[in-house]
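Here is the file target-v5.cif (mmCIF, C-alpha atoms).
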```
data_protein
#
loop_
_atom_site.group_PDB
_atom_site.id
_atom_site.type_symbol
_atom_site.label_atom_id
_atom_site.label_comp_id
_atom_site.auth_asym_id
_atom_site.auth_seq_id
_atom_site.Cartn_x
_atom_site.Cartn_y
_atom_site.Cartn_z
ATOM 1 C CA MET A 26 31.759 2.478 -4.155
ATOM 2 C CA ASP A 27 30.833 0.966 -7.491
ATOM 3 C CA GLY A 28 28.129 2.032 -9.924
ATOM 4 C CA THR A 29 25.658 -0.615 -8.800
ATOM 5 C CA THR A 30 25.850 0.574 -5.202
ATOM 6 C CA LEU A 31 25.348 4.173 -6.280
ATOM 7 C CA ALA A 32 22.372 3.118 -8.405
ATOM 8 C CA ALA A 33 20.963 1.207 -5.438
ATOM 9 C CA PHE A 34 21.289 4.227 -3.138
ATOM 10 C CA ALA A 35 19.714 6.498 -5.773
ATOM 11 C CA ALA A 36 16.846 4.078 -6.414
ATOM 12 C CA ALA A 37 16.237 3.616 -2.683
ATOM 13 C CA ALA A 38 16.261 7.358 -2.036
ATOM 14 C CA ALA A 39 13.885 7.964 -4.953
ATOM 15 C CA ALA A 40 11.580 5.171 -3.768
ATOM 16 C CA LEU A 41 11.622 6.518 -0.219
ATOM 17 C CA VAL A 42 10.683 10.020 -1.372
ATOM 18 C CA ALA A 43 8.034 8.737 -3.796
ATOM 19 C CA PHE A 44 6.418 6.439 -1.218
ATOM 20 C CA ALA A 45 6.409 9.145 1.461
ATOM 21 C CA LEU A 46 4.975 11.762 -0.902
ATOM 22 C CA ALA A 47 2.282 9.398 -2.182
ATOM 23 C CA ALA A 48 1.368 8.376 1.390
ATOM 24 C CA PHE A 49 1.062 12.026 2.398
ATOM 25 C CA MET A 50 -1.091 12.854 -0.612
ATOM 26 C CA PHE A 51 -3.306 9.770 -0.194
ATOM 27 C CA TRP A 52 -3.829 10.625 3.472
ATOM 28 C CA ARG A 53 -4.957 14.136 2.460
ATOM 29 C CA GLY A 54 -7.357 12.699 -0.129
ATOM 30 C CA LYS A 55 -5.302 13.750 -3.154
ATOM 31 C CA TRP A 56 -3.931 11.664 -6.034
ATOM 32 C CA LEU A 57 -6.559 9.006 -5.332
ATOM 33 C CA PHE A 58 -6.797 8.250 -9.051
ATOM 34 C CA LEU A 59 -3.536 6.319 -8.606
ATOM 35 C CA VAL A 60 -5.255 3.730 -6.407
ATOM 36 C CA ALA A 61 -8.843 4.037 -7.530
ATOM 37 C CA GLY A 62 -8.649 4.927 -11.201
ATOM 38 C CA GLY A 63 -11.872 6.331 -12.597
ATOM 39 C CA ALA A 64 -13.747 5.459 -9.405
ATOM 40 C CA ALA A 65 -12.011 8.377 -7.654
ATOM 41 C CA ALA A 66 -13.260 10.877 -10.222
ATOM 42 C CA ALA A 67 -16.749 9.376 -10.164
ATOM 43 C CA GLU A 68 -16.947 9.544 -6.378
ATOM 44 C CA GLU A 69 -15.587 13.093 -6.347
ATOM 45 C CA ALA A 70 -18.230 14.150 -8.889
ATOM 46 C CA GLU A 71 -20.915 12.371 -6.862
ATOM 47 C CA SER A 72 -19.895 14.125 -3.648
ATOM 48 C CA ALA A 73 -19.826 17.479 -5.495
ATOM 49 C CA ALA A 74 -23.343 16.824 -6.776
ATOM 50 C CA VAL A 75 -24.614 15.999 -3.288
ATOM 51 C CA GLY A 76 -23.283 19.249 -1.883
ATOM 52 C CA ALA A 77 -20.065 21.186 -1.699
ATOM 53 C CA GLY A 78 -19.808 20.882 2.076
ATOM 54 C CA SER A 79 -20.817 17.234 2.234
ATOM 55 C CA GLU A 80 -18.258 14.465 2.270
ATOM 56 C CA ALA A 81 -20.779 11.629 2.332
ATOM 57 C CA GLY A 82 -19.385 10.040 -0.792
ATOM 58 C CA LEU A 83 -15.788 10.187 0.408
ATOM 59 C CA SER A 84 -16.374 8.970 3.930
ATOM 60 C CA GLY A 85 -18.905 6.215 3.233
ATOM 61 C CA ALA A 86 -18.328 2.628 4.285
ATOM 62 C CA GLY A 87 -16.407 1.758 1.117
ATOM 63 C CA GLY A 88 -15.202 5.249 0.269
ATOM 64 C CA ILE A 89 -12.265 5.979 -1.970
ATOM 65 C CA ARG A 90 -10.800 8.359 0.603
ATOM 66 C CA LYS A 91 -10.708 5.561 3.164
ATOM 67 C CA MET A 92 -8.982 3.383 0.600
ATOM 68 C CA GLY A 93 -6.417 6.143 0.098
ATOM 69 C CA ARG A 94 -5.750 6.373 3.821
ATOM 70 C CA ARG A 95 -5.358 2.619 4.050
ATOM 71 C CA MET A 96 -2.913 2.640 1.144
ATOM 72 C CA ALA A 97 -1.005 5.417 2.939
ATOM 73 C CA VAL A 98 -0.461 3.001 5.832
ATOM 74 C CA VAL A 99 0.867 0.387 3.388
ATOM 75 C CA LEU A 100 3.182 2.971 1.853
ATOM 76 C CA LEU A 101 4.513 3.979 5.267
ATOM 77 C CA ALA A 102 5.408 0.348 5.893
ATOM 78 C CA ALA A 103 7.141 0.339 2.491
ATOM 79 C CA CYS A 104 9.055 3.482 3.505
ATOM 80 C CA VAL A 105 10.314 1.779 6.654
ATOM 81 C CA LEU A 106 11.395 -1.249 4.636
ATOM 82 C CA VAL A 107 13.337 0.858 2.125
ATOM 83 C CA ALA A 108 14.862 2.956 4.918
ATOM 84 C CA THR A 109 16.122 -0.162 6.676
ATOM 85 C CA LEU A 110 17.660 -1.352 3.401
ATOM 86 C CA LEU A 111 19.480 1.983 3.191
ATOM 87 C CA ALA A 112 20.609 1.703 6.807
ATOM 88 C CA PHE A 113 21.872 -1.833 6.278
ATOM 89 C CA GLU A 114 23.857 -0.950 3.175
ATOM 90 C CA GLY A 115 25.264 2.173 4.826
ATOM 91 C CA ALA A 116 26.356 0.192 7.876
ATOM 92 C CA LYS A 117 27.886 -2.465 5.657
ATOM 93 C CA LEU A 118 29.875 0.142 3.740
ATOM 94 C CA ALA A 119 31.008 1.779 6.996
ATOM 95 C CA GLY A 120 32.118 -1.590 8.348
ATOM 96 C CA ASN A 121 29.862 -1.322 11.389
ATOM 97 C CA THR A 122 28.729 -4.920 11.945
ATOM 98 C CA LEU A 123 26.629 -4.107 15.008
ATOM 99 C CA LEU A 124 24.589 -1.515 13.119
ATOM 100 C CA ALA A 125 24.345 -3.839 10.096
ATOM 101 C CA SER A 126 22.987 -6.615 12.327
ATOM 102 C CA ALA A 127 20.466 -4.262 13.923
ATOM 103 C CA ALA A 128 19.412 -2.976 10.499
ATOM 104 C CA THR A 129 18.946 -6.560 9.291
ATOM 105 C CA LEU A 130 16.709 -7.329 12.253
ATOM 106 C CA VAL A 131 14.653 -4.181 11.774
ATOM 107 C CA ASN A 132 14.488 -4.880 8.022
ATOM 108 C CA ASN A 133 13.009 -8.321 8.679
ATOM 109 C CA VAL A 134 10.434 -6.797 11.027
ATOM 110 C CA ALA A 135 9.636 -4.115 8.425
ATOM 111 C CA PHE A 136 9.167 -6.782 5.752
ATOM 112 C CA VAL A 137 6.675 -8.654 7.920
ATOM 113 C CA ALA A 138 4.942 -5.359 8.748
ATOM 114 C CA LEU A 139 4.604 -4.604 5.030
ATOM 115 C CA LEU A 140 3.079 -8.030 4.400
ATOM 116 C CA VAL A 141 0.650 -7.582 7.292
ATOM 117 C CA ALA A 142 -0.284 -4.080 6.063
ATOM 118 C CA MET A 143 -0.954 -5.377 2.550
ATOM 119 C CA VAL A 144 -3.071 -8.271 3.786
ATOM 120 C CA TRP A 145 -4.954 -5.875 6.073
ATOM 121 C CA PHE A 146 -5.486 -3.466 3.157
ATOM 122 C CA PHE A 147 -7.072 -6.126 0.970
ATOM 123 C CA ILE A 148 -9.139 -7.646 3.799
ATOM 124 C CA VAL A 149 -10.760 -4.364 4.843
ATOM 125 C CA GLN A 150 -11.552 -3.534 1.205
ATOM 126 C CA ARG A 151 -13.841 -6.571 0.897
ATOM 127 C CA PRO A 152 -17.527 -5.799 0.446
ATOM 128 C CA ASP A 153 -19.775 -6.460 3.407
ATOM 129 C CA ARG A 154 -21.596 -9.763 3.398
ATOM 130 C CA PRO A 155 -25.320 -9.712 3.974
ATOM 131 C CA LYS A 156 -26.463 -10.562 7.477
ATOM 132 C CA GLU A 157 -27.489 -14.166 8.184
ATOM 133 C CA GLY A 158 -31.102 -13.199 8.876
ATOM 134 C CA ALA A 159 -31.419 -11.072 5.752
ATOM 135 C CA SER A 160 -33.172 -12.592 2.799
ATOM 136 C CA SER A 161 -30.585 -13.516 0.228
ATOM 137 C CA GLN A 162 -30.854 -15.563 -2.911
ATOM 138 C CA ASP A 163 -27.224 -16.679 -2.616
ATOM 139 C CA SER A 164 -26.147 -19.516 -0.408
ATOM 140 C CA PRO A 165 -23.743 -18.683 2.449
ATOM 141 C CA THR A 166 -20.923 -20.364 0.528
ATOM 142 C CA ALA A 167 -21.615 -18.278 -2.568
ATOM 143 C CA SER A 168 -21.698 -15.033 -0.577
ATOM 144 C CA ARG A 169 -18.347 -15.915 1.084
ATOM 145 C CA ALA A 170 -16.853 -16.700 -2.316
ATOM 146 C CA HIS A 171 -18.111 -13.376 -3.679
ATOM 147 C CA ALA A 172 -16.588 -11.459 -0.754
ATOM 148 C CA ALA A 173 -13.210 -13.172 -1.269
ATOM 149 C CA ARG A 174 -12.875 -12.116 -4.919
ATOM 150 C CA LEU A 175 -10.869 -9.049 -5.896
ATOM 151 C CA ASP A 176 -13.149 -7.880 -8.707
ATOM 152 C CA HIS A 177 -14.701 -5.271 -6.405
ATOM 153 C CA LEU A 178 -11.366 -3.416 -6.372
ATOM 154 C CA PRO A 179 -10.496 -1.001 -9.142
ATOM 155 C CA LEU A 180 -7.775 -2.318 -11.445
ATOM 156 C CA ALA A 181 -5.699 0.717 -10.484
ATOM 157 C CA THR A 182 -5.528 -0.542 -6.872
ATOM 158 C CA ILE A 183 -4.080 -3.888 -7.877
ATOM 159 C CA LEU A 184 -1.684 -2.313 -10.383
ATOM 160 C CA PHE A 185 -0.493 0.290 -7.855
ATOM 161 C CA THR A 186 0.154 -2.445 -5.303
ATOM 162 C CA LEU A 187 2.121 -4.443 -7.870
ATOM 163 C CA VAL A 188 4.194 -1.353 -8.738
ATOM 164 C CA VAL A 189 5.016 -0.809 -5.052
ATOM 165 C CA ILE A 190 6.128 -4.435 -4.747
ATOM 166 C CA ALA A 191 8.173 -4.162 -7.964
ATOM 167 C CA VAL A 192 9.944 -0.995 -6.789
ATOM 168 C CA ILE A 193 10.845 -2.601 -3.469
ATOM 169 C CA ALA A 194 12.089 -5.704 -5.307
ATOM 170 C CA LEU A 195 14.172 -3.542 -7.660
ATOM 171 C CA VAL A 196 15.799 -1.730 -4.745
ATOM 172 C CA GLY A 197 16.534 -5.069 -3.069
ATOM 173 C CA ILE A 198 17.997 -6.505 -6.263
ATOM 174 C CA LEU A 199 20.207 -3.453 -6.740
ATOM 175 C CA PHE A 200 21.475 -3.706 -3.177
ATOM 176 C CA ALA A 201 22.173 -7.400 -3.701
ATOM 177 C CA GLY A 202 24.516 -6.354 -6.485
ATOM 178 C CA LEU A 203 22.819 -8.051 -9.397
#
```
Could you spell out this file's structure in structure tokens?
Amino acid sequence: MDGTTLAAFAAAAAALVAFALAAFMFWRGKWLFLVAGGAAAAEEAESAAVGAGSEAGLSGAGGIRKMGRRMAVVLLAACVLVATLLAFEGAKLAGNTLLASAATLVNNVAFVALLVAMVWFFIVQRPDRPKEGASSQDSPTASRAHAARLDHLPLATILFTLVVIAVIALVGILFAGL
């Protein structure tokens, strides 16, 4: 085994642990500053001001905790993708072509699942559009355009997503031997 392969295995193992740990913590409502930036602290302070036993701020329609749980689903899909990369490379090194073929198939499915999870994450984060009967000064086209923009997301969400994509790309590049 050469140094690049060892680096690829180390990077994949580190990514797998980091993604799993972050998913677990996001699901529990911790480390939300990674995906929400200052909005997580502001919402936590708001919910503390409302009442210690109340979670109204965290479980509201656009709550940061819900965003954390949704990102946990994306990270689980990323974990599966990285795990299938590890399985493929391990099977390739062992000379087991049947397992390598199965790992390739599962890897392709995991890649599509990650894409679907990311699209789902960004779609459900969109702000609600006003109802058709409600009085609105915006035209229907303008309200659709506003709902499609990403400026309602904290910058930390977009940056965290880009980091996840970059880590997966790095692991893939290392396994490709570049």
(Q) the PyMOL selection byres ((chain A and resi 38) around 12) - which residues does that actually catch in the file I just gave you? List them as an MDAnalysis selection string. (A) chainID A and resid 31:37 39:45 104:112 192:193 196
For C-alpha atoms, I'd like the residues from the last selection saved as a compact mmCIF listing (two decimals), keeping the file's coordinate frame.
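That gives us out-v2.txt:
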```txt
# COMPACT_ATOMS: atom_id res chain seq x y z
CA LEU A 31 25.35 4.17 -6.28
CA ALA A 32 22.37 3.12 -8.40
CA ALA A 33 20.96 1.21 -5.44
CA PHE A 34 21.29 4.23 -3.14
CA ALA A 35 19.71 6.50 -5.77
CA ALA A 36 16.85 4.08 -6.41
CA ALA A 37 16.24 3.62 -2.68
CA ALA A 39 13.88 7.96 -4.95
CA ALA A 40 11.58 5.17 -3.77
CA LEU A 41 11.62 6.52 -0.22
CA VAL A 42 10.68 10.02 -1.37
CA ALA A 43 8.03 8.74 -3.80
CA PHE A 44 6.42 6.44 -1.22
CA ALA A 45 6.41 9.14 1.46
CA CYS A 104 9.06 3.48 3.50
CA VAL A 105 10.31 1.78 6.65
CA LEU A 106 11.40 -1.25 4.64
CA VAL A 107 13.34 0.86 2.12
CA ALA A 108 14.86 2.96 4.92
CA THR A 109 16.12 -0.16 6.68
CA LEU A 110 17.66 -1.35 3.40
CA LEU A 111 19.48 1.98 3.19
CA ALA A 112 20.61 1.70 6.81
CA VAL A 192 9.94 -1.00 -6.79
CA ILE A 193 10.84 -2.60 -3.47
CA VAL A 196 15.80 -1.73 -4.74
```
**Q.** Interatomic distance, atom CA of Lys55 of chain A to atom CA of Leu195 of chain A (Å, one decimal)
**A.**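 About the pair atom CA of Lys55 of chain A and atom CA of Leu195 of chain A: they are 26.4 Å apart.
Once the PyMOL selection byres ((chain A and resi 127) around 12) is applied to this file, the selection holds Thr109, Leu110, Ala112, Phe113, Glu114, Ala116, Lys117, Asn121, Thr122, Leu123, Leu124, Ala125, Ser126, Ala128, Thr129, Leu130, Val131, Asn132, Asn133 and Val134 of chain A.
Note that atom CA of Ile183 of chain A and atom CA of Leu59 of chain A are 10.2 Å apart.
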Q) Distance atom CA of Phe58 of chain A-atom CA of Ile198 of chain A, one decimal place? A) 29.0 Å
Would you place a box with edges along x, y and z of the file around all atoms of segment 106-116 of chain A listed there, add 5 Å to each of its six sides, and report the centre and edge lengths in Å to one decimal, as AutoDock Vina command-line options?
```
--center_x 18.9 --center_y 0.6 --center_z 5.0 --size_x 25.0 --size_y 14.8 --size_z 15.8
```
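Distances here use all atoms listed in the file; by that measure, the residue among A:Leu139, A:Leu118, A:Leu100, A:Leu178 closest to Thr30 of chain A is A:Leu118.
When the distance limit is 8 Å and all atoms listed in the file are what count, the residues near segment 144-150 of chain A, minus those fewer than 4 positions from it on the same chain, are A:Gly87, A:Met92, A:Arg95, A:Met96, A:Val99, A:Leu140, A:Leu178.
Candidate residues A:Phe49, A:Phe200, A:Trp56, A:Phe136 were compared for distance to Ala103 of chain A, and the nearest is A:Phe136, using only C-alpha atoms.
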Shell around Arg94 of chain A at 8 Å using all atoms listed in the file, local window under 2 positions removed, as an mmCIF file with C-alpha atoms, in the frame of the given file:
```cif
data_model
loop_
_atom_site.group_PDB
_atom_site.id
_atom_site.type_symbol
_atom_site.label_atom_id
_atom_site.label_comp_id
_atom_site.auth_asym_id
_atom_site.auth_seq_id
_atom_site.Cartn_x
_atom_site.Cartn_y
_atom_site.Cartn_z
ATOM 1 C CA ALA A 48 1.368 8.376 1.390
ATOM 2 C CA PHE A 51 -3.306 9.770 -0.194
ATOM 3 C CA TRP A 52 -3.829 10.625 3.472
ATOM 4 C CA ARG A 53 -4.957 14.136 2.460
ATOM 5 C CA GLY A 54 -7.357 12.699 -0.129
ATOM 6 C CA ARG A 90 -10.800 8.359 0.603
ATOM 7 C CA LYS A 91 -10.708 5.561 3.164
ATOM 8 C CA MET A 92 -8.982 3.383 0.600
ATOM 9 C CA MET A 96 -2.913 2.640 1.144
ATOM 10 C CA ALA A 97 -1.005 5.417 2.939
ATOM 11 C CA VAL A 98 -0.461 3.001 5.832
#
```
Q: Give the answer as one residue: which of A:Ala66, A:Met50, A:Val189, A:Ala119 has the shortest atom-to-atom distance to Ala102 of chain A, using only C-alpha atoms?
A: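 Result for the nearest residue to Ala102 of chain A: A:Val189.
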